[in-house]
file query12.pdb (PDB, C-alpha atoms)
ATOM      1  CA  MET I1111      10.255  -2.299  60.061
ATOM      2  CA  PHE I1112      10.032  -5.608  58.198
ATOM      3  CA  SER I1113       6.552  -4.680  56.841
ATOM      4  CA  PHE I1114       7.889  -1.369  55.612
ATOM      5  CA  ALA I1115      10.720  -3.169  53.752
ATOM      6  CA  VAL I1116       8.262  -5.612  52.117
ATOM      7  CA  ILE I1117       6.006  -2.732  50.973
ATOM      8  CA  ALA I1118       8.978  -0.772  49.603
ATOM      9  CA  ALA I1119      10.250  -3.841  47.739
ATOM     10  CA  SER I1120       6.781  -4.511  46.271
ATOM     11  CA  ILE I1121       6.430  -0.918  45.062
ATOM     12  CA  SER I1122       9.842  -1.047  43.378
ATOM     13  CA  LEU I1123       9.050  -4.364  41.681
ATOM     14  CA  PHE I1124       5.746  -3.093  40.304
ATOM     15  CA  SER I1125       7.327   0.118  39.037
ATOM     16  CA  PHE I1126       9.457  -1.960  36.619
ATOM     17  CA  VAL I1127       6.573  -4.071  35.279
ATOM     18  CA  PRO I1128       5.708  -2.921  31.728
ATOM     19  CA  LYS I1129       2.432  -1.074  31.413
ATOM     20  CA  ALA I1130      -0.367  -2.838  29.583
ATOM     21  CA  LYS I1131      -1.144  -1.645  26.086
ATOM     22  CA  ASN I1132      -4.056   0.763  25.949
ATOM     23  CA  ALA I1133      -5.346  -0.850  22.779
ATOM     24  CA  ASP I1134      -4.799  -4.149  21.018
ATOM     25  CA  VAL I1135      -3.727  -4.479  17.425
ATOM     26  CA  VAL I1136      -6.712  -5.215  15.193
ATOM     27  CA  THR I1137      -6.315  -6.824  11.764
ATOM     28  CA  PHE I1138      -8.533  -5.763   8.883
ATOM     29  CA  ASN I1139      -8.648  -8.056   5.852
ATOM     30  CA  VAL I1140      -8.534  -6.221   2.550
ATOM     31  CA  THR I1141     -11.847  -6.133   0.705
ATOM     32  CA  ALA I1142     -10.645  -7.263  -2.724
ATOM     33  CA  GLN I1143     -13.891  -6.330  -4.516
ATOM     34  CA  LYS I1144     -13.387  -2.620  -3.686
ATOM     35  CA  SER I1145      -9.618  -2.190  -3.322
ATOM     36  CA  LYS I1146      -7.517  -1.292  -6.345
ATOM     37  CA  VAL I1147      -4.601   0.676  -7.756
ATOM     38  CA  ASP I1148      -5.684   3.135 -10.467
ATOM     39  CA  PHE I1149      -3.060   4.357 -12.909
ATOM     40  CA  THR I1150      -2.641   7.111 -15.475
ATOM     41  CA  GLY I1151       0.222   6.775 -17.911
ATOM     42  CA  SER I1152       1.149   9.535 -20.334
ATOM     43  CA  LYS I1153       2.984   9.774 -23.607
ATOM     44  CA  LYS I1154       3.788  12.747 -25.840
ATOM     45  CA  SER I1155       0.433  12.784 -27.600
ATOM     46  CA  ASP I1156      -2.027  11.152 -25.179
ATOM     47  CA  TYR I1157      -2.644   9.434 -21.861
ATOM     48  CA  HIS I1158      -4.196   6.136 -20.781
ATOM     49  CA  THR I1159      -5.998   5.034 -17.637
ATOM     50  CA  GLY I1160      -6.608   1.718 -15.965
ATOM     51  CA  TYR I1161      -6.309  -0.223 -12.750
ATOM     52  CA  PHE I1162      -4.884  -3.282 -11.014
ATOM     53  CA  PRO I1163      -7.130  -5.126  -8.536
ATOM     54  CA  ILE I1164      -5.840  -5.829  -5.050
ATOM     55  CA  LYS I1165      -5.976  -9.608  -4.740
ATOM     56  CA  SER I1166      -5.550  -9.958  -0.972
ATOM     57  CA  GLY I1167      -3.944  -8.398   2.043
ATOM     58  CA  ALA I1168      -4.376  -7.179   5.573
ATOM     59  CA  VAL I1169      -3.688  -4.045   7.591
ATOM     60  CA  GLN I1170      -2.966  -3.783  11.282
ATOM     61  CA  VAL I1171      -4.462  -0.949  13.336
ATOM     62  CA  ASN I1172      -3.706  -0.025  16.947
ATOM     63  CA  GLY I1173      -5.791   2.610  18.719
ATOM     64  CA  GLY I1174      -7.319   3.790  15.431
ATOM     65  CA  LYS I1175      -3.897   4.222  13.781
ATOM     66  CA  LEU I1176      -2.424   2.165  10.961
ATOM     67  CA  VAL I1177       0.684   0.316  12.181
ATOM     68  CA  GLY I1178       1.394  -2.264   9.457
ATOM     69  CA  GLY I1179       0.132  -4.347   6.580
ATOM     70  CA  ASN I1180       0.779  -6.124   3.322
ATOM     71  CA  PHE I1181      -0.971  -6.483  -0.031
ATOM     72  CA  VAL I1182      -0.905  -8.672  -3.102
ATOM     73  CA  ILE I1183      -1.602  -6.757  -6.312
ATOM     74  CA  ASP I1184      -3.153  -8.711  -9.196
ATOM     75  CA  ILE I1185      -0.936  -7.524 -12.061
ATOM     76  CA  ALA I1186      -2.469 -10.139 -14.394
ATOM     77  CA  GLY I1187      -5.905  -8.631 -13.644
ATOM     78  CA  LEU I1188      -4.925  -5.262 -15.128
ATOM     79  CA  LYS I1189      -7.707  -3.408 -16.958
ATOM     80  CA  VAL I1190      -7.342  -0.481 -19.327
ATOM     81  CA  THR I1191     -10.315   1.857 -18.826
ATOM     82  CA  ASP I1192      -9.959   4.521 -21.503
ATOM     83  CA  ALA I1193     -11.516   3.981 -24.927
ATOM     84  CA  GLY I1194      -8.348   5.068 -26.741
ATOM     85  CA  GLY I1195      -6.263   2.259 -25.232
ATOM     86  CA  GLY I1196      -8.640  -0.675 -25.328
ATOM     87  CA  GLU I1197      -7.651  -4.301 -25.759
ATOM     88  CA  LYS I1198      -4.594  -3.450 -27.862
ATOM     89  CA  LEU I1199      -2.998  -1.439 -25.044
ATOM     90  CA  GLN I1200      -4.075  -3.998 -22.459
ATOM     91  CA  GLY I1201      -2.293  -6.690 -24.464
ATOM     92  CA  HIS I1202       0.836  -4.551 -24.808
ATOM     93  CA  LEU I1203       0.934  -3.720 -21.076
ATOM     94  CA  SER I1204       0.581  -7.459 -20.337
ATOM     95  CA  SER I1205       3.561  -8.311 -22.563
ATOM     96  CA  ALA I1206       7.273  -8.500 -21.695
ATOM     97  CA  ASP I1207       7.635  -4.841 -22.813
ATOM     98  CA  PHE I1208       5.834  -3.828 -19.611
ATOM     99  CA  PHE I1209       4.566  -6.235 -16.914
ATOM    100  CA  ASP I1210       5.197  -9.680 -18.458
ATOM    101  CA  ILE I1211       2.142 -11.120 -16.679
ATOM    102  CA  LYS I1212       2.823 -14.704 -17.819
ATOM    103  CA  ILE I1213       5.861 -14.697 -15.524
ATOM    104  CA  PHE I1214       5.045 -11.914 -13.043
ATOM    105  CA  GLY I1215       1.270 -12.059 -12.497
ATOM    106  CA  GLU I1216       1.446 -10.603  -9.006
ATOM    107  CA  ALA I1217       3.232  -7.856  -7.116
ATOM    108  CA  SER I1218       3.403  -7.399  -3.359
ATOM    109  CA  PHE I1219       3.860  -4.532  -0.947
ATOM    110  CA  THR I1220       4.804  -4.881   2.723
ATOM    111  CA  ILE I1221       4.691  -1.916   5.089
ATOM    112  CA  SER I1222       7.872  -1.509   7.143
ATOM    113  CA  SER I1223       6.963   1.710   8.995
ATOM    114  CA  VAL I1224       4.129   4.185   9.451
ATOM    115  CA  GLU I1225       4.724   7.706  10.759
ATOM    116  CA  TYR I1226       1.738   9.976  11.260
ATOM    117  CA  THR I1227       2.265  13.606  10.216
ATOM    118  CA  LYS I1228      -1.351  14.681  10.916
ATOM    119  CA  ALA I1229      -4.343  12.965  12.502
ATOM    120  CA  ASP I1230      -5.313  11.426   9.143
ATOM    121  CA  ARG I1231      -2.016  11.557   7.193
ATOM    122  CA  ALA I1232       0.885   9.144   7.441
ATOM    123  CA  THR I1233       4.188   8.602   5.697
ATOM    124  CA  ILE I1234       4.326   4.932   4.779
ATOM    125  CA  LYS I1235       7.559   3.139   3.982
ATOM    126  CA  GLY I1236       7.711  -0.369   2.657
ATOM    127  CA  ASP I1237       9.034  -2.786   0.095
ATOM    128  CA  LEU I1238       7.421  -3.283  -3.296
ATOM    129  CA  ASN I1239       8.194  -6.486  -5.159
ATOM    130  CA  LEU I1240       7.320  -6.040  -8.854
ATOM    131  CA  LYS I1241       8.662  -8.097 -11.772
ATOM    132  CA  GLY I1242      11.021  -9.910  -9.412
ATOM    133  CA  ILE I1243      12.636  -6.659  -8.254
ATOM    134  CA  LYS I1244      12.287  -5.611  -4.628
ATOM    135  CA  ALA I1245      12.728  -1.895  -3.900
ATOM    136  CA  PRO I1246      11.833   0.503  -1.088
ATOM    137  CA  VAL I1247       8.872   2.809  -1.690
ATOM    138  CA  THR I1248       7.759   5.802   0.421
ATOM    139  CA  PHE I1249       4.489   7.698   0.052
ATOM    140  CA  THR I1250       1.922   9.715   1.980
ATOM    141  CA  ALA I1251      -1.407   8.047   2.695
ATOM    142  CA  ILE I1252      -4.686   9.523   3.839
ATOM    143  CA  ILE I1253      -6.176   7.254   6.495
ATOM    144  CA  ARG I1254      -9.859   8.054   6.082
ATOM    145  CA  ASN I1255     -11.242   5.469   8.509
ATOM    146  CA  ALA I1256      -9.807   2.928  10.958
ATOM    147  CA  ASP I1257     -12.466   1.925  13.461
ATOM    148  CA  ASP I1258     -15.110  -0.732  14.152
ATOM    149  CA  LYS I1259     -16.891   0.166  10.904
ATOM    150  CA  GLY I1260     -13.864  -0.743   8.833
ATOM    151  CA  PHE I1261     -10.682   0.583   7.260
ATOM    152  CA  PHE I1262     -10.305   2.907   4.286
ATOM    153  CA  ALA I1263      -7.131   4.641   3.102
ATOM    154  CA  GLU I1264      -5.950   6.290  -0.098
ATOM    155  CA  ALA I1265      -2.650   7.420  -1.539
ATOM    156  CA  PHE I1266      -1.927   9.514  -4.626
ATOM    157  CA  MET I1267       1.605   9.393  -5.946
ATOM    158  CA  PRO I1268       3.958   9.381  -8.911
ATOM    159  CA  PHE I1269       5.595   6.016  -9.550
ATOM    160  CA  ASP I1270       8.866   5.585 -11.478
ATOM    161  CA  ARG I1271       8.337   2.404 -13.508
ATOM    162  CA  THR I1272      11.990   2.247 -14.599
ATOM    163  CA  LEU I1273      13.038   1.297 -11.036
ATOM    164  CA  PHE I1274      11.404  -2.067 -11.751
ATOM    165  CA  GLY I1275      12.867  -2.665 -15.212
ATOM    166  CA  ILE I1276       9.856  -1.328 -17.128
ATOM    167  CA  ASN I1277      11.813   0.722 -19.651
ATOM    168  CA  TYR I1278       9.735   0.424 -22.823
ATOM    169  CA  GLY I1279       9.438   3.697 -24.750
ATOM    170  CA  VAL I1280      11.376   5.877 -22.310
ATOM    171  CA  GLY I1281      11.496   9.301 -23.917
ATOM    172  CA  MET I1282       8.178   8.776 -25.697
ATOM    173  CA  VAL I1283       6.255   7.272 -22.783
ATOM    174  CA  ASP I1284       6.698   9.047 -19.433
ATOM    175  CA  SER I1285       8.714   7.081 -16.880
ATOM    176  CA  GLU I1286       6.431   8.333 -14.102
ATOM    177  CA  VAL I1287       2.982   6.813 -13.856
ATOM    178  CA  GLN I1288       0.441   8.513 -11.591
ATOM    179  CA  LEU I1289      -1.120   6.110  -9.084
ATOM    180  CA  ALA I1290      -4.220   6.343  -6.910
ATOM    181  CA  ILE I1291      -4.323   3.531  -4.357
ATOM    182  CA  HIS I1292      -7.598   2.691  -2.594
ATOM    183  CA  ILE I1293      -7.556   0.136   0.229
ATOM    184  CA  TYR I1294     -10.705  -1.012   2.025
ATOM    185  CA  GLY I1295     -10.733  -3.505   4.878
ATOM    186  CA  THR I1296     -13.093  -5.289   7.251
ATOM    187  CA  LYS I1297     -12.550  -7.249  10.455
TER     188      LYS I1297
END
call {"tool": "encode", "arguments": {"input": "query12.pdb", "output": "structure tokens"}}
result
Amino acid sequence: MFSFAVIAASISLFSFVPKAKNADVVTFNVTAQKSKVDFTGSKKSDYHTGYFPIKSGAVQVNGGKLVGGNFVIDIAGLKVTDAGGGEKLQGHLSSADFFDIKIFGEASFTISSVEYTKADRATIKGDLNLKGIKAPVTFTAIIRNADDKGFFAEAFMPFDRTLFGINYGVGMVDSEVQLAIHIYGTK
């Protein structure tokens, strides 16, 4: 009878022990040479393209799924890529009218939640800190790869620049800038 009581007690103790995780969280460091944020800005008579390099960052993956991360965007490293904009536009975007890179040379984004809607699609919520203003941002990302070979994800989204005090030319220059974010990572 005593043996039966010891066995019953052992079974009940083990039933309340948390189960081990089936996979550990793996951190991928952002590959700065390949990662970037492309932009297309439009005005009434034209559009301009360019990009911001990703300076650093990391993403966390568990069981092949993105679960977290953060990035530093090199705002001071902005490059205008269309011939019509050139150095003149690059200088204007760098000024206080737009990004004021002498004061705000970097932006950061920290993921607060990731919710998968399909096997390779996730709604990502996080906080963007740009020009000293921190605001929540939500977008859909395509998680193209998250395994031993590396990490690669993309997002395509409109971005309202006025939420971060970038109000120059509103009415002539569209408030929404189209972004294409490309993040690569390695272990």
call {"tool": "residues_around", "arguments": {"input": "query12.pdb", "residues": "Asp1210 of chain I", "least_positions_apart": "5", "cutoff": "9 Å", "atoms": "all atoms listed in the file", "output": "PyMOL selection string"}}
result
chain I and resi 1186+1203-1205+1215+1241
call {"tool": "atom_distance", "arguments": {"input": "query12.pdb", "atom1": "atom CA of Gly1196 of chain I", "atom2": "atom CA of Phe1149 of chain I"}}
result
14.5 Å
call {"tool": "closest_residue", "arguments": {"input": "query12.pdb", "among": "I:Asn1255, I:Gln1288, I:Thr1248, I:Asn1239", "to": "Gly1275 of chain I", "atoms": "all atoms listed in the file"}}
result
I:Asn1239
call {"tool": "residues_near_point", "arguments": {"input": "query12.pdb", "point": "(-1.9, 8.5, 3.3)", "cutoff": "9 Å", "atoms": "all atoms listed in the file", "output": "PyMOL selection string"}}
result
chain I and resi 1226+1230-1234+1249-1254+1263-1266
call {"tool": "axis_aligned_box", "arguments": {"input": "query12.pdb", "around": "segment 1247-1265 of chain I", "padding_each_side": "3 Å", "output": "JSON"}}
result
{"center_x": -4.0, "center_y": 4.5, "center_z": 6.2, "size_x": 31.8, "size_y": 16.5, "size_z": 21.8}
call {"tool": "closest_residue", "arguments": {"input": "query12.pdb", "among": "I:Val1283, I:Ala1193, I:Leu1188, I:Val1247", "to": "Pro1163 of chain I", "atoms": "only C-alpha atoms"}}
result
I:Leu1188
call {"tool": "atom_distance", "arguments": {"input": "query12.pdb", "atom1": "atom CA of Asp1156 of chain I", "atom2": "atom CA of Phe1214 of chain I"}}
result
27.0 Å
call {"tool": "closest_residue", "arguments": {"input": "query12.pdb", "among": "I:Phe1269, I:Gln1200, I:Gly1194, I:Ala1206", "to": "Ile1291 of chain I", "atoms": "only C-alpha atoms"}}
result
I:Phe1269
call {"tool": "resolve_selection", "arguments": {"input": "query12.pdb", "expression": "the PyMOL selection byres ((chain I and resi 1137) around 8)", "output": "list in words"}}
result
Val1135, Val1136, Phe1138, Asn1139, Ala1168, Val1169, Gln1170, Val1171 and Lys1297 of chain I
call {"tool": "atom_distance", "arguments": {"input": "query12.pdb", "atom1": "atom CA of Ile1276 of chain I", "atom2": "atom CA of Lys1165 of chain I"}}
result
21.7 Å
call {"tool": "closest_residue", "arguments": {"input": "query12.pdb", "among": "I:Phe1209, I:His1202, I:Asp1257, I:Phe1219", "to": "Ile1164 of chain I", "atoms": "all atoms listed in the file"}}
result
I:Phe1219
call {"tool": "resolve_selection", "arguments": {"input": "query12.pdb", "expression": "the PyMOL selection byres ((chain I and resi 1147) around 7)", "output": "list in words"}}
result
Lys1146, Asp1148, Phe1149, Tyr1161, Phe1162, Pro1163, Leu1289, Ala1290, Ile1291 and His1292 of chain I
call {"tool": "residues_around", "arguments": {"input": "query12.pdb", "residues": "Thr1272 of chain I", "least_positions_apart": "3", "cutoff": "12 Å", "atoms": "only C-alpha atoms", "output": "list of chain:residue names"}}
result
I:Asp1207, I:Phe1208, I:Phe1209, I:Leu1240, I:Lys1241, I:Ile1243, I:Ala1245, I:Phe1269, I:Gly1275, I:Ile1276, I:Asn1277, I:Tyr1278, I:Gly1279, I:Val1280, I:Gly1281, I:Val1283, I:Asp1284, I:Ser1285, I:Glu1286, I:Val1287
call {"tool": "resolve_selection", "arguments": {"input": "query12.pdb", "expression": "the PyMOL selection byres ((chain I and resi 1158) around 9)", "output": "list in words"}}
result
Phe1149, Thr1150, Gly1151, Ser1152, Lys1153, Asp1156, Tyr1157, Thr1159, Gly1160, Val1190, Thr1191, Asp1192, Ala1193, Gly1194, Gly1195 and Leu1199 of chain I
call {"tool": "closest_residue", "arguments": {"input": "query12.pdb", "among": "I:Ile1293, I:Glu1197, I:Asp1237, I:Lys1228", "to": "Ala1142 of chain I", "atoms": "all atoms listed in the file"}}
result
I:Ile1293
call {"tool": "closest_residue", "arguments": {"input": "query12.pdb", "among": "I:Val1224, I:Val1182, I:Leu1238, I:Met1282", "to": "Ser1155 of chain I", "atoms": "all atoms listed in the file"}}
result
I:Met1282
call {"tool": "build_atoms", "arguments": {"input": "query12.pdb", "residues": "segment 1223-1256 of chain I", "atoms": "N, CA and C atoms", "output": "mmCIF file, in the coordinates of the input"}}
result
data_model
loop_
_atom_site.group_PDB
_atom_site.id
_atom_site.type_symbol
_atom_site.label_atom_id
_atom_site.label_comp_id
_atom_site.auth_asym_id
_atom_site.auth_seq_id
_atom_site.Cartn_x
_atom_site.Cartn_y
_atom_site.Cartn_z
ATOM 1 N N SER I 1223 7.160 0.704 7.949
ATOM 2 C CA SER I 1223 6.963 1.710 8.995
ATOM 3 C C SER I 1223 5.842 2.668 8.597
ATOM 4 N N VAL I 1224 5.198 3.206 9.634
ATOM 5 C CA VAL I 1224 4.129 4.185 9.451
ATOM 6 C C VAL I 1224 4.396 5.325 10.426
ATOM 7 N N GLU I 1225 4.500 6.544 9.906
ATOM 8 C CA GLU I 1225 4.724 7.706 10.759
ATOM 9 C C GLU I 1225 3.645 8.743 10.456
ATOM 10 N N TYR I 1226 2.815 9.006 11.441
ATOM 11 C CA TYR I 1226 1.738 9.976 11.260
ATOM 12 C C TYR I 1226 2.297 11.389 11.276
ATOM 13 N N THR I 1227 1.872 12.201 10.299
ATOM 14 C CA THR I 1227 2.265 13.606 10.216
ATOM 15 C C THR I 1227 1.103 14.520 10.589
ATOM 16 N N LYS I 1228 -0.116 14.020 10.485
ATOM 17 C CA LYS I 1228 -1.351 14.681 10.916
ATOM 18 C C LYS I 1228 -2.272 13.584 11.419
ATOM 19 N N ALA I 1229 -3.416 13.962 11.955
ATOM 20 C CA ALA I 1229 -4.343 12.965 12.502
ATOM 21 C C ALA I 1229 -4.752 11.927 11.459
ATOM 22 N N ASP I 1230 -4.867 12.345 10.195
ATOM 23 C CA ASP I 1230 -5.313 11.426 9.143
ATOM 24 C C ASP I 1230 -4.299 11.240 8.016
ATOM 25 N N ARG I 1231 -3.059 11.675 8.214
ATOM 26 C CA ARG I 1231 -2.016 11.557 7.193
ATOM 27 C C ARG I 1231 -0.823 10.818 7.774
ATOM 28 N N ALA I 1232 -0.268 9.908 6.972
ATOM 29 C CA ALA I 1232 0.885 9.144 7.441
ATOM 30 C C ALA I 1232 1.864 8.921 6.299
ATOM 31 N N THR I 1233 3.138 8.979 6.628
ATOM 32 C CA THR I 1233 4.188 8.602 5.697
ATOM 33 C C THR I 1233 4.398 7.102 5.854
ATOM 34 N N ILE I 1234 4.205 6.389 4.760
ATOM 35 C CA ILE I 1234 4.326 4.932 4.779
ATOM 36 C C ILE I 1234 5.570 4.538 4.000
ATOM 37 N N LYS I 1235 6.376 3.699 4.632
ATOM 38 C CA LYS I 1235 7.559 3.139 3.982
ATOM 39 C C LYS I 1235 7.355 1.635 3.899
ATOM 40 N N GLY I 1236 7.825 1.072 2.804
ATOM 41 C CA GLY I 1236 7.711 -0.369 2.657
ATOM 42 C C GLY I 1236 8.486 -0.859 1.463
ATOM 43 N N ASP I 1237 8.342 -2.151 1.211
ATOM 44 C CA ASP I 1237 9.034 -2.786 0.095
ATOM 45 C C ASP I 1237 8.024 -3.259 -0.930
ATOM 46 N N LEU I 1238 8.234 -2.834 -2.173
ATOM 47 C CA LEU I 1238 7.421 -3.283 -3.296
ATOM 48 C C LEU I 1238 8.214 -4.317 -4.075
ATOM 49 N N ASN I 1239 7.584 -5.446 -4.342
ATOM 50 C CA ASN I 1239 8.194 -6.486 -5.159
ATOM 51 C C ASN I 1239 7.387 -6.563 -6.449
ATOM 52 N N LEU I 1240 7.979 -6.110 -7.547
ATOM 53 C CA LEU I 1240 7.320 -6.040 -8.854
ATOM 54 C C LEU I 1240 8.284 -6.562 -9.914
ATOM 55 N N LYS I 1241 7.838 -7.493 -10.720
ATOM 56 C CA LYS I 1241 8.662 -8.097 -11.772
ATOM 57 C C LYS I 1241 9.943 -8.705 -11.211
ATOM 58 N N GLY I 1242 9.869 -9.264 -10.016
ATOM 59 C CA GLY I 1242 11.021 -9.910 -9.412
ATOM 60 C C GLY I 1242 12.044 -8.953 -8.837
ATOM 61 N N ILE I 1243 11.732 -7.667 -8.805
ATOM 62 C CA ILE I 1243 12.636 -6.659 -8.254
ATOM 63 C C ILE I 1243 12.000 -6.102 -6.984
ATOM 64 N N LYS I 1244 12.767 -6.130 -5.906
ATOM 65 C CA LYS I 1244 12.287 -5.611 -4.628
ATOM 66 C C LYS I 1244 12.967 -4.272 -4.383
ATOM 67 N N ALA I 1245 12.164 -3.226 -4.126
ATOM 68 C CA ALA I 1245 12.728 -1.895 -3.900
ATOM 69 C C ALA I 1245 11.907 -1.163 -2.848
ATOM 70 N N PRO I 1246 12.562 -0.281 -2.084
ATOM 71 C CA PRO I 1246 11.833 0.503 -1.088
ATOM 72 C C PRO I 1246 10.977 1.574 -1.762
ATOM 73 N N VAL I 1247 9.801 1.799 -1.186
ATOM 74 C CA VAL I 1247 8.872 2.809 -1.690
ATOM 75 C C VAL I 1247 8.365 3.599 -0.485
ATOM 76 N N THR I 1248 8.286 4.921 -0.626
ATOM 77 C CA THR I 1248 7.759 5.802 0.421
ATOM 78 C C THR I 1248 6.685 6.684 -0.185
ATOM 79 N N PHE I 1249 5.573 6.839 0.526
ATOM 80 C CA PHE I 1249 4.489 7.698 0.052
ATOM 81 C C PHE I 1249 3.652 8.179 1.225
ATOM 82 N N THR I 1250 2.850 9.198 0.979
ATOM 83 C CA THR I 1250 1.922 9.715 1.980
ATOM 84 C C THR I 1250 0.556 9.114 1.727
ATOM 85 N N ALA I 1251 -0.064 8.619 2.793
ATOM 86 C CA ALA I 1251 -1.407 8.047 2.695
ATOM 87 C C ALA I 1251 -2.365 8.874 3.534
ATOM 88 N N ILE I 1252 -3.604 8.892 3.091
ATOM 89 C CA ILE I 1252 -4.686 9.523 3.839
ATOM 90 C C ILE I 1252 -5.478 8.387 4.470
ATOM 91 N N ILE I 1253 -5.459 8.308 5.782
ATOM 92 C CA ILE I 1253 -6.176 7.254 6.495
ATOM 93 C C ILE I 1253 -7.563 7.821 6.796
ATOM 94 N N ARG I 1254 -8.521 7.471 5.981
ATOM 95 C CA ARG I 1254 -9.859 8.054 6.082
ATOM 96 C C ARG I 1254 -10.685 7.429 7.196
ATOM 97 N N ASN I 1255 -10.470 6.143 7.472
ATOM 98 C CA ASN I 1255 -11.242 5.469 8.509
ATOM 99 C C ASN I 1255 -10.472 4.257 9.016
ATOM 100 N N ALA I 1256 -10.449 4.091 10.334
ATOM 101 C CA ALA I 1256 -9.807 2.928 10.958
ATOM 102 C C ALA I 1256 -10.494 2.683 12.299
#
